[in-house]
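Participant: One structure coming up, written as structure tokens, with questions to follow.
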Amino acid sequence: MTTKILLDEQDIPTHWYNVVADMPNPPAPPLGPDGRPVGPEALAAIFPPGLIEQEVSTERWIPIPEPVREAWRLWRPSPLYRAYRLEQALGTPAKIFYKYEGVSPAGSHKPNTAVAQAYYNHEAGIRRLTTETGAGQWGSSLALAGRMFDLEVRVYMVRISYEQKPYRRSMMKVWGAEVFPSPTEMTEAGRKVLAEHPDTTGSLGIAISEAVEEAAGRTDTSYALGSVLNHVLLHQTVIGLEAKKQLEQVGEYPDMVFAPCGGGSNFGGIAFPFFADKAAGREVELVAVEPQSCPTLTRGVYAYDYGDTVGLTPLLKMYTLGHDFVPPGIHAGGLRYHGDSPLVCQLYHDGLIQARAVAQLATFEAGVTFARTEGIVPAPESNHAIRAVIDEALACKERGEPKTLLFNLSGHGHFDMSAYDKYFAGELQDYAYPEEAVREALAHLPKVEAA
Ligand SMILES: *Cc1c(COP(=O)(O)O)cnc(C)c1O
């Protein structure tokens, strides 16, 4: 009985898997304000050539640079666990496996792409990176990666999180990044917002605007995004590629693969390498799990929309709740995004992957069950996948069906203990699907002429 299935450092994959090569319908291109596809050149002001190439690549396998694999050795390959204790507690005939990404220094899957992005920027002679962060998972991952590849990192952190979540801010500073509460007086976008709303708590949309403005205005500075874009999901496929090898070692293959889904990067990361088999005719179900309060895939519309609140980014074809939809303040901060990765959305639209929405209280209940059986305290985002897996395992019990279930445990919850405290104190609530708010936001979708 092996609990922890481990790979050696030399088993770290040498190539990323690009799902575009196997998609029956390629993802729709990003559009500029004029409704025409945005060419790679338009991205050159804020991204280095290596990443732009990956953003538009249709090659199935893309080599992972040696310095990236070298940096990953600090925590990769990540362990794959068999959840014997959870299975036993549930009394399920299902086999449950989880890939644990909380072993990275920042505590989640996000450093996988942060390191790759820092590498390509360093290669291009870039000296500084700007980014935005909400709760701080992405900001801290980029701070770590910038330190590893000799880049200065400036993080625009949503003001309310800056004040309420001081420890991720501290972590970014330990790794040497500059962190400012957004909106700031340092950018035009920030000054404009502050002039109109001096007491604003900030938002991800505003912070993105500030980070993009600074990167676009300086030749030595690039912008970095932690999810949604094709190159980010590409980098994360290291998760699924390792998981496949690990399952192979114990002679298993999953019937179903689950992951929490915010912008889609850890879902794409674990699921896409299995999609390659599905495209070749193998049966495997891929399930993205999202919050009921921000039900992008399950209740959104498939349309072109802005990536940010202000409307500065190109238009992306995705399931969206509307770029000015402000989701309820649930504790899974990483899942509060109005849109989703265009790759994930196209596959969902084509019926090749599934989505489920779960309620907040049920996710914490699942997370506590997991912590009390498997020991690891999961991030609130990860609890979404755990909820769906437990539900599936219980359904297996009912039907007497010994399915093999795999999920991505995207991060640990050590910086989210106040959310667990609130759960125990009975202060958390379920938010009804905000149909009114979504309808209102969808009325503001940008008008796109068929080009
Ligand atoms: C950011 C984050 C997520 C959600 O982001 P995706 O891009 O959808 O993966 C999920 N889990 C954790 C722990 C995160 O930090």
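Residue names in the structure tokens use chain letters A, B, ... in the order shown, residue numbers from 1 in each chain, and ligand numbers from 1 in the order shown.
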Check which residues of chain A sit at most 6 Å from ligand 1 using only C-alpha atoms and all ligand atoms, and return one row each with the closest pair of atoms and their distance in Å to one decimal, ordered by chain and rising number, as a tab-separated table.
Facilitator:
residue	atom	partner	partner_atom_place_in_ligand_line	distance
A:Ser108	CA	ligand 1	13 (C)	5.0
A:Gln137	CA	ligand 1	15 (O)	5.1
A:Ser227	CA	ligand 1	7 (O)	4.3
A:Pro260	CA	ligand 1	10 (C)	5.8
A:Cys261	CA	ligand 1	8 (O)	4.0
A:Gly262	CA	ligand 1	8 (O)	3.3
A:Gly263	CA	ligand 1	8 (O)	3.9
A:Gly264	CA	ligand 1	8 (O)	3.7
A:Ser265	CA	ligand 1	7 (O)	3.7
A:Asn266	CA	ligand 1	9 (O)	3.7
A:Phe267	CA	ligand 1	9 (O)	6.0
A:Gly334	CA	ligand 1	1 (C)	4.2
A:Leu335	CA	ligand 1	4 (C)	5.3
A:Ala379	CA	ligand 1	13 (C)	5.4
A:Glu381	CA	ligand 1	11 (N)	4.6
A:Ser382	CA	ligand 1	11 (N)	5.3
A:Ser410	CA	ligand 1	13 (C)	4.5
A:Gly411	CA	ligand 1	13 (C)	3.9
Participant: Keeping only C-alpha atoms, write the selected residues as a PDB file, in the first residue's frame.
Facilitator:
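Result saved to result_19.pdb:
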ATOM      1  CA  SER A 108       0.208  26.683  -4.331  1.00  0.00           C
ATOM      2  CA  GLN A 137      -1.169  34.016  -3.848  1.00  0.00           C
ATOM      3  CA  SER A 227      -3.985  32.590 -14.870  1.00  0.00           C
ATOM      4  CA  PRO A 260     -11.052  24.022  -8.612  1.00  0.00           C
ATOM      5  CA  CYS A 261     -11.559  26.570 -11.367  1.00  0.00           C
ATOM      6  CA  GLY A 262     -10.990  30.317 -11.054  1.00  0.00           C
ATOM      7  CA  GLY A 263      -9.183  31.452 -14.189  1.00  0.00           C
ATOM      8  CA  GLY A 264      -8.665  27.813 -15.163  1.00  0.00           C
ATOM      9  CA  SER A 265      -4.910  27.392 -14.754  1.00  0.00           C
ATOM     10  CA  ASN A 266      -4.707  24.557 -12.234  1.00  0.00           C
ATOM     11  CA  PHE A 267      -7.685  22.826 -13.871  1.00  0.00           C
ATOM     12  CA  GLY A 334      -8.788  32.830  -6.233  1.00  0.00           C
ATOM     13  CA  LEU A 335     -12.145  31.741  -7.667  1.00  0.00           C
ATOM     14  CA  ALA A 379      -6.844  26.298   0.632  1.00  0.00           C
ATOM     15  CA  GLU A 381     -10.156  27.262  -3.404  1.00  0.00           C
ATOM     16  CA  SER A 382      -9.044  23.627  -3.250  1.00  0.00           C
ATOM     17  CA  SER A 410      -3.984  23.306  -5.590  1.00  0.00           C
ATOM     18  CA  GLY A 411      -2.647  24.730  -2.327  1.00  0.00           C
TER      19      GLY A 411
END
Participant: Counting only C-alpha atoms, what is within 9 Å of A:Gly146, bar same-chain residues fewer than 3 positions away, as an NGL selection string?
Facilitator: :A and (114-115 or 118-119 or 128-129 or 141-143 or 149-153 or 175-177)
Participant: Could you jot down the atom CA of A:Thr363 to atom CA of A:Met256 separation for me, Å, one decimal place?
Facilitator: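 According to the coordinates, atom CA of A:Thr363 and atom CA of A:Met256 are separated by 19.0 Å.
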Participant: Do a neighbour search on A:Ile52 at 10 Å with only C-alpha atoms, toss out local chain neighbours closer than 2 positions, and write the hits as a ChimeraX atom specification.
Facilitator: /A:39-44,46-50,54-57,230-231
Participant: May I have the residues within 9 Å of stretch 90-94 of chain A as a ChimeraX atom specification, using only C-alpha atoms and disregarding those fewer than 6 positions away in the same chain?
Facilitator: /A:390,392-398,400-405
Participant: Could you dump the residues just selected with all heavy atoms as a compact mmCIF listing (two decimals), in the first residue's frame?
Facilitator:
# COMPACT_ATOMS: atom_id res chain seq x y z
N ILE A 390 -15.74 14.32 -2.94
CA ILE A 390 -16.44 13.60 -1.86
C ILE A 390 -17.85 13.24 -2.32
O ILE A 390 -18.32 12.11 -2.11
CB ILE A 390 -16.46 14.44 -0.55
CG1 ILE A 390 -15.04 14.49 0.05
CG2 ILE A 390 -17.47 13.87 0.45
CD1 ILE A 390 -14.93 15.29 1.35
N GLU A 392 -18.84 12.69 -5.33
CA GLU A 392 -18.72 11.61 -6.31
C GLU A 392 -18.41 10.28 -5.61
O GLU A 392 -18.99 9.23 -5.95
CB GLU A 392 -17.61 11.94 -7.32
CG GLU A 392 -17.55 11.03 -8.52
CD GLU A 392 -18.79 11.12 -9.41
OE1 GLU A 392 -19.30 12.25 -9.59
OE2 GLU A 392 -19.24 10.07 -9.90
N ALA A 393 -17.54 10.34 -4.60
CA ALA A 393 -17.17 9.12 -3.87
C ALA A 393 -18.39 8.55 -3.13
O ALA A 393 -18.54 7.32 -3.03
CB ALA A 393 -16.04 9.42 -2.89
N LEU A 394 -19.24 9.45 -2.62
CA LEU A 394 -20.44 8.98 -1.92
C LEU A 394 -21.45 8.40 -2.92
O LEU A 394 -22.14 7.42 -2.61
CB LEU A 394 -21.07 10.14 -1.12
CG LEU A 394 -20.23 10.61 0.09
CD1 LEU A 394 -20.84 11.84 0.74
CD2 LEU A 394 -20.05 9.48 1.11
N ALA A 395 -21.51 8.97 -4.10
CA ALA A 395 -22.38 8.42 -5.14
C ALA A 395 -21.87 7.04 -5.55
O ALA A 395 -22.66 6.12 -5.80
CB ALA A 395 -22.42 9.36 -6.35
N CYS A 396 -20.55 6.87 -5.59
CA CYS A 396 -19.96 5.56 -5.90
C CYS A 396 -20.37 4.53 -4.85
O CYS A 396 -20.61 3.36 -5.15
CB CYS A 396 -18.43 5.65 -5.93
SG CYS A 396 -17.79 6.47 -7.39
N LYS A 397 -20.40 4.99 -3.59
CA LYS A 397 -20.78 4.11 -2.48
C LYS A 397 -22.22 3.63 -2.67
O LYS A 397 -22.52 2.44 -2.54
CB LYS A 397 -20.67 4.91 -1.17
CG LYS A 397 -21.05 4.18 0.09
CD LYS A 397 -20.81 5.11 1.26
CE LYS A 397 -21.24 4.53 2.58
NZ LYS A 397 -20.90 5.47 3.69
N GLU A 398 -23.08 4.58 -3.01
CA GLU A 398 -24.49 4.26 -3.23
C GLU A 398 -24.65 3.23 -4.34
O GLU A 398 -25.45 2.29 -4.23
CB GLU A 398 -25.23 5.54 -3.62
CG GLU A 398 -26.69 5.52 -3.28
CD GLU A 398 -27.06 6.81 -2.56
OE1 GLU A 398 -26.73 6.96 -1.37
OE2 GLU A 398 -27.66 7.65 -3.23
N GLY A 400 -22.26 1.27 -5.49
CA GLY A 400 -21.29 0.18 -5.40
C GLY A 400 -20.33 0.17 -6.58
O GLY A 400 -20.00 -0.87 -7.14
N GLU A 401 -19.85 1.36 -6.92
CA GLU A 401 -19.06 1.54 -8.14
C GLU A 401 -17.63 1.97 -7.76
O GLU A 401 -17.46 3.05 -7.21
CB GLU A 401 -19.73 2.63 -8.98
CG GLU A 401 -19.45 2.57 -10.45
CD GLU A 401 -20.23 3.68 -11.16
OE1 GLU A 401 -20.98 4.42 -10.49
OE2 GLU A 401 -20.06 3.82 -12.36
N PRO A 402 -16.62 1.15 -8.05
CA PRO A 402 -15.26 1.49 -7.60
C PRO A 402 -14.51 2.37 -8.60
O PRO A 402 -13.52 1.96 -9.17
CB PRO A 402 -14.60 0.11 -7.49
CG PRO A 402 -15.27 -0.71 -8.56
CD PRO A 402 -16.67 -0.17 -8.72
N LYS A 403 -14.97 3.59 -8.78
CA LYS A 403 -14.30 4.50 -9.73
C LYS A 403 -12.96 4.97 -9.18
O LYS A 403 -12.74 5.02 -7.97
CB LYS A 403 -15.16 5.74 -9.97
CG LYS A 403 -16.28 5.55 -10.95
CD LYS A 403 -16.90 6.92 -11.26
CE LYS A 403 -18.11 6.77 -12.16
NZ LYS A 403 -18.81 8.05 -12.31
N THR A 404 -12.09 5.37 -10.08
CA THR A 404 -10.82 5.99 -9.69
C THR A 404 -10.94 7.50 -9.92
O THR A 404 -11.20 7.94 -11.04
CB THR A 404 -9.66 5.41 -10.51
OG1 THR A 404 -9.59 4.00 -10.25
CG2 THR A 404 -8.34 6.05 -10.13
N LEU A 405 -10.78 8.26 -8.83
CA LEU A 405 -10.96 9.71 -8.88
C LEU A 405 -9.63 10.39 -8.60
O LEU A 405 -8.90 10.01 -7.67
CB LEU A 405 -12.00 10.16 -7.84
CG LEU A 405 -13.33 9.38 -7.81
CD1 LEU A 405 -14.21 9.88 -6.66
CD2 LEU A 405 -14.05 9.51 -9.14
Participant: So that I can see what lies close to A:Tyr81, please list as a PyMOL selection string the residues with an atom at most 8 Å from it, counting only C-alpha atoms and leaving out residues fewer than 6 positions away in the same chain.
Facilitator: chain A and resi 3-5+97-100
Participant: Would you output that residue set with N, CA, C and O atoms, as a PDB file, in the first residue's frame?
Facilitator:
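Just written: selection.pdb:
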ATOM      1  N   THR A   3       1.176   5.176  -0.015  1.00  0.00           N
ATOM      2  CA  THR A   3       0.367   6.364   0.242  1.00  0.00           C
ATOM      3  C   THR A   3       0.837   7.533  -0.608  1.00  0.00           C
ATOM      4  O   THR A   3       0.034   8.271  -1.179  1.00  0.00           O
ATOM      5  N   LYS A   4       2.165   7.687  -0.672  1.00  0.00           N
ATOM      6  CA  LYS A   4       2.769   8.829  -1.373  1.00  0.00           C
ATOM      7  C   LYS A   4       3.506   8.294  -2.586  1.00  0.00           C
ATOM      8  O   LYS A   4       4.470   7.552  -2.450  1.00  0.00           O
ATOM      9  N   ILE A   5       3.075   8.662  -3.771  1.00  0.00           N
ATOM     10  CA  ILE A   5       3.741   8.184  -4.979  1.00  0.00           C
ATOM     11  C   ILE A   5       4.674   9.286  -5.455  1.00  0.00           C
ATOM     12  O   ILE A   5       4.234  10.381  -5.800  1.00  0.00           O
ATOM     13  N   PHE A  97      -7.236   9.765  -5.491  1.00  0.00           N
ATOM     14  CA  PHE A  97      -5.847  10.240  -5.547  1.00  0.00           C
ATOM     15  C   PHE A  97      -5.833  11.763  -5.599  1.00  0.00           C
ATOM     16  O   PHE A  97      -6.723  12.362  -6.202  1.00  0.00           O
ATOM     17  N   TYR A  98      -4.815  12.381  -4.956  1.00  0.00           N
ATOM     18  CA  TYR A  98      -4.676  13.835  -5.133  1.00  0.00           C
ATOM     19  C   TYR A  98      -3.227  14.225  -5.355  1.00  0.00           C
ATOM     20  O   TYR A  98      -2.310  13.677  -4.763  1.00  0.00           O
ATOM     21  N   LYS A  99      -3.073  15.166  -6.269  1.00  0.00           N
ATOM     22  CA  LYS A  99      -1.774  15.747  -6.580  1.00  0.00           C
ATOM     23  C   LYS A  99      -1.650  16.980  -5.696  1.00  0.00           C
ATOM     24  O   LYS A  99      -2.527  17.854  -5.718  1.00  0.00           O
ATOM     25  N   TYR A 100      -0.571  17.062  -4.896  1.00  0.00           N
ATOM     26  CA  TYR A 100      -0.469  18.140  -3.906  1.00  0.00           C
ATOM     27  C   TYR A 100       0.503  19.232  -4.350  1.00  0.00           C
ATOM     28  O   TYR A 100       1.723  19.038  -4.322  1.00  0.00           O
TER      29      TYR A 100
END
Participant: Using DSSP secondary structure from the backbone, list all helix (DSSP H, G or I) positions within stretch 99-346 of chain A, as an MDAnalysis selection string.
Facilitator: chainID A and resid 101:103 111:123 137:148 159:164 166:174 188:196 204:216 230:249 265:279 296:299 333:335 342:346
Participant: Excluding A:Tyr306 and any residue of its chain fewer than 3 positions from it, enumerate the residues within 8 Å of it, using only C-alpha atoms, and give them as a PDB file with all heavy atoms, in the first residue's frame.
Facilitator:
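Generated file (around_7.pdb):
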ATOM      1  N   THR A 309     -11.884  44.840 -15.264  1.00  0.00           N
ATOM      2  CA  THR A 309     -13.101  45.606 -14.985  1.00  0.00           C
ATOM      3  C   THR A 309     -13.157  46.895 -15.797  1.00  0.00           C
ATOM      4  O   THR A 309     -14.214  47.306 -16.256  1.00  0.00           O
ATOM      5  CB  THR A 309     -13.140  45.981 -13.488  1.00  0.00           C
ATOM      6  OG1 THR A 309     -12.779  44.823 -12.739  1.00  0.00           O
ATOM      7  CG2 THR A 309     -14.507  46.436 -13.067  1.00  0.00           C
ATOM      8  N   GLY A 311     -11.711  47.629 -18.685  1.00  0.00           N
ATOM      9  CA  GLY A 311     -11.846  47.498 -20.135  1.00  0.00           C
ATOM     10  C   GLY A 311     -10.585  47.869 -20.895  1.00  0.00           C
ATOM     11  O   GLY A 311     -10.647  48.365 -22.011  1.00  0.00           O
ATOM     12  N   LEU A 312      -9.411  47.632 -20.287  1.00  0.00           N
ATOM     13  CA  LEU A 312      -8.139  47.956 -20.949  1.00  0.00           C
ATOM     14  C   LEU A 312      -7.579  46.781 -21.739  1.00  0.00           C
ATOM     15  O   LEU A 312      -6.800  46.961 -22.667  1.00  0.00           O
ATOM     16  CB  LEU A 312      -7.082  48.351 -19.904  1.00  0.00           C
ATOM     17  CG  LEU A 312      -7.251  49.674 -19.176  1.00  0.00           C
ATOM     18  CD1 LEU A 312      -6.046  49.933 -18.291  1.00  0.00           C
ATOM     19  CD2 LEU A 312      -7.418  50.810 -20.186  1.00  0.00           C
ATOM     20  N   THR A 313      -7.955  45.550 -21.371  1.00  0.00           N
ATOM     21  CA  THR A 313      -7.335  44.373 -22.006  1.00  0.00           C
ATOM     22  C   THR A 313      -8.027  44.079 -23.333  1.00  0.00           C
ATOM     23  O   THR A 313      -9.122  44.586 -23.602  1.00  0.00           O
ATOM     24  CB  THR A 313      -7.503  43.125 -21.113  1.00  0.00           C
ATOM     25  OG1 THR A 313      -8.884  42.754 -21.112  1.00  0.00           O
ATOM     26  CG2 THR A 313      -7.030  43.382 -19.697  1.00  0.00           C
ATOM     27  N   PRO A 314      -7.406  43.266 -24.190  1.00  0.00           N
ATOM     28  CA  PRO A 314      -8.110  42.785 -25.377  1.00  0.00           C
ATOM     29  C   PRO A 314      -9.369  42.019 -24.967  1.00  0.00           C
ATOM     30  O   PRO A 314      -9.503  41.600 -23.817  1.00  0.00           O
ATOM     31  CB  PRO A 314      -7.097  41.835 -26.029  1.00  0.00           C
ATOM     32  CG  PRO A 314      -5.763  42.251 -25.512  1.00  0.00           C
ATOM     33  CD  PRO A 314      -6.022  42.771 -24.119  1.00  0.00           C
ATOM     34  N   LEU A 315     -10.277  41.832 -25.935  1.00  0.00           N
ATOM     35  CA  LEU A 315     -11.487  41.053 -25.667  1.00  0.00           C
ATOM     36  C   LEU A 315     -11.175  39.576 -25.814  1.00  0.00           C
ATOM     37  O   LEU A 315     -10.529  39.165 -26.778  1.00  0.00           O
ATOM     38  CB  LEU A 315     -12.575  41.445 -26.670  1.00  0.00           C
ATOM     39  CG  LEU A 315     -13.045  42.904 -26.596  1.00  0.00           C
ATOM     40  CD1 LEU A 315     -13.884  43.252 -27.829  1.00  0.00           C
ATOM     41  CD2 LEU A 315     -13.845  43.114 -25.330  1.00  0.00           C
ATOM     42  N   LEU A 316     -11.612  38.779 -24.860  1.00  0.00           N
ATOM     43  CA  LEU A 316     -11.399  37.333 -24.906  1.00  0.00           C
ATOM     44  C   LEU A 316     -12.746  36.642 -25.045  1.00  0.00           C
ATOM     45  O   LEU A 316     -13.723  37.040 -24.397  1.00  0.00           O
ATOM     46  CB  LEU A 316     -10.715  36.850 -23.617  1.00  0.00           C
ATOM     47  CG  LEU A 316      -9.346  37.457 -23.301  1.00  0.00           C
ATOM     48  CD1 LEU A 316      -8.858  36.990 -21.935  1.00  0.00           C
ATOM     49  CD2 LEU A 316      -8.337  37.092 -24.387  1.00  0.00           C
ATOM     50  N   HIS A 323     -17.801  41.794 -17.282  1.00  0.00           N
ATOM     51  CA  HIS A 323     -16.549  42.283 -16.684  1.00  0.00           C
ATOM     52  C   HIS A 323     -16.776  43.203 -15.504  1.00  0.00           C
ATOM     53  O   HIS A 323     -15.872  43.413 -14.707  1.00  0.00           O
ATOM     54  CB  HIS A 323     -15.666  42.964 -17.748  1.00  0.00           C
ATOM     55  CG  HIS A 323     -16.324  44.158 -18.383  1.00  0.00           C
ATOM     56  ND1 HIS A 323     -17.190  44.032 -19.450  1.00  0.00           N
ATOM     57  CD2 HIS A 323     -16.268  45.472 -18.098  1.00  0.00           C
ATOM     58  CE1 HIS A 323     -17.623  45.238 -19.789  1.00  0.00           C
ATOM     59  NE2 HIS A 323     -17.090  46.120 -18.984  1.00  0.00           N
ATOM     60  N   PRO A 446     -19.314  44.128 -24.067  1.00  0.00           N
ATOM     61  CA  PRO A 446     -18.932  44.944 -25.217  1.00  0.00           C
ATOM     62  C   PRO A 446     -19.625  44.438 -26.484  1.00  0.00           C
ATOM     63  O   PRO A 446     -19.814  43.240 -26.654  1.00  0.00           O
ATOM     64  CB  PRO A 446     -17.409  44.758 -25.299  1.00  0.00           C
ATOM     65  CG  PRO A 446     -17.118  43.511 -24.547  1.00  0.00           C
ATOM     66  CD  PRO A 446     -18.184  43.401 -23.490  1.00  0.00           C
TER      67      PRO A 446
END
Participant: Near A:Glu66, counting only C-alpha atoms, which residues have an atom at most 12 Å away, once you skip same-chain residues fewer than 3 positions from it, shown as a ChimeraX atom specification?
Facilitator: /A:10,12-15,63,69-73,115-116,119-120
Participant: Given only C-alpha atoms as the basis, pick out the residue of A:Ile376, A:Ile270, A:Leu442, A:Leu225 nearest to A:Leu321.
Facilitator: A:Leu442
Participant: Could you go through stretch 68-146 of chain A and tell me which residues DSSP, when run on the backbone, assigns to strand (DSSP E), listing them as an MDAnalysis selection string?
Facilitator: chainID A and resid 80:82 95:100 128:133
Participant: At what distance in Å, to one decimal, does atom CA of A:Pro327 lie from atom CA of A:Ser182?
Facilitator: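 Answer for the atom CA of A:Ser182 to atom CA of A:Pro327 separation: 18.7 Å.
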Participant: Could you check which of A:Ile330, A:Ala106, A:Val19, A:Leu352 is closest to A:His412, using only C-alpha atoms?
Facilitator: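 When distances to A:His412 are compared using only C-alpha atoms, the smallest one comes from A:Ala106.
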Participant: Which is closer to A:Glu132 than all the others in A:Glu285, A:Glu9, A:Asp255, A:Asp308, using only C-alpha atoms?
Facilitator: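 Ranked by minimum distance to A:Glu132, first place goes to A:Asp308.
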Participant: So, counting only C-alpha atoms, which residue among A:Ala425, A:His197, A:Arg154, A:Leu241 is closest to A:Arg76?
Facilitator: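 Of all the options, A:Leu241 lies closest to A:Arg76.
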Participant: Grab the atom CA of A:Lys317 to atom CA of A:Gly35 distance for me, in Å with one decimal place.
Facilitator: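 Value for the atom CA of A:Lys317-atom CA of A:Gly35 distance: 11.8 Å.
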Participant: Calculated over only C-alpha atoms, which of the candidates A:Ser170, A:Asn112, A:Gln346, A:Gln354 has the smallest distance to A:Val284?
Facilitator: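 Of the candidates, the smallest distance to A:Val284 is held by A:Gln354.
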Participant: Select, from A:Met186, A:Val289, A:Val38, A:Leu409, the residue with the minimum atom-to-atom distance to A:Glu374, counting only C-alpha atoms.
Facilitator: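 Nearest to A:Glu374: A:Leu409.
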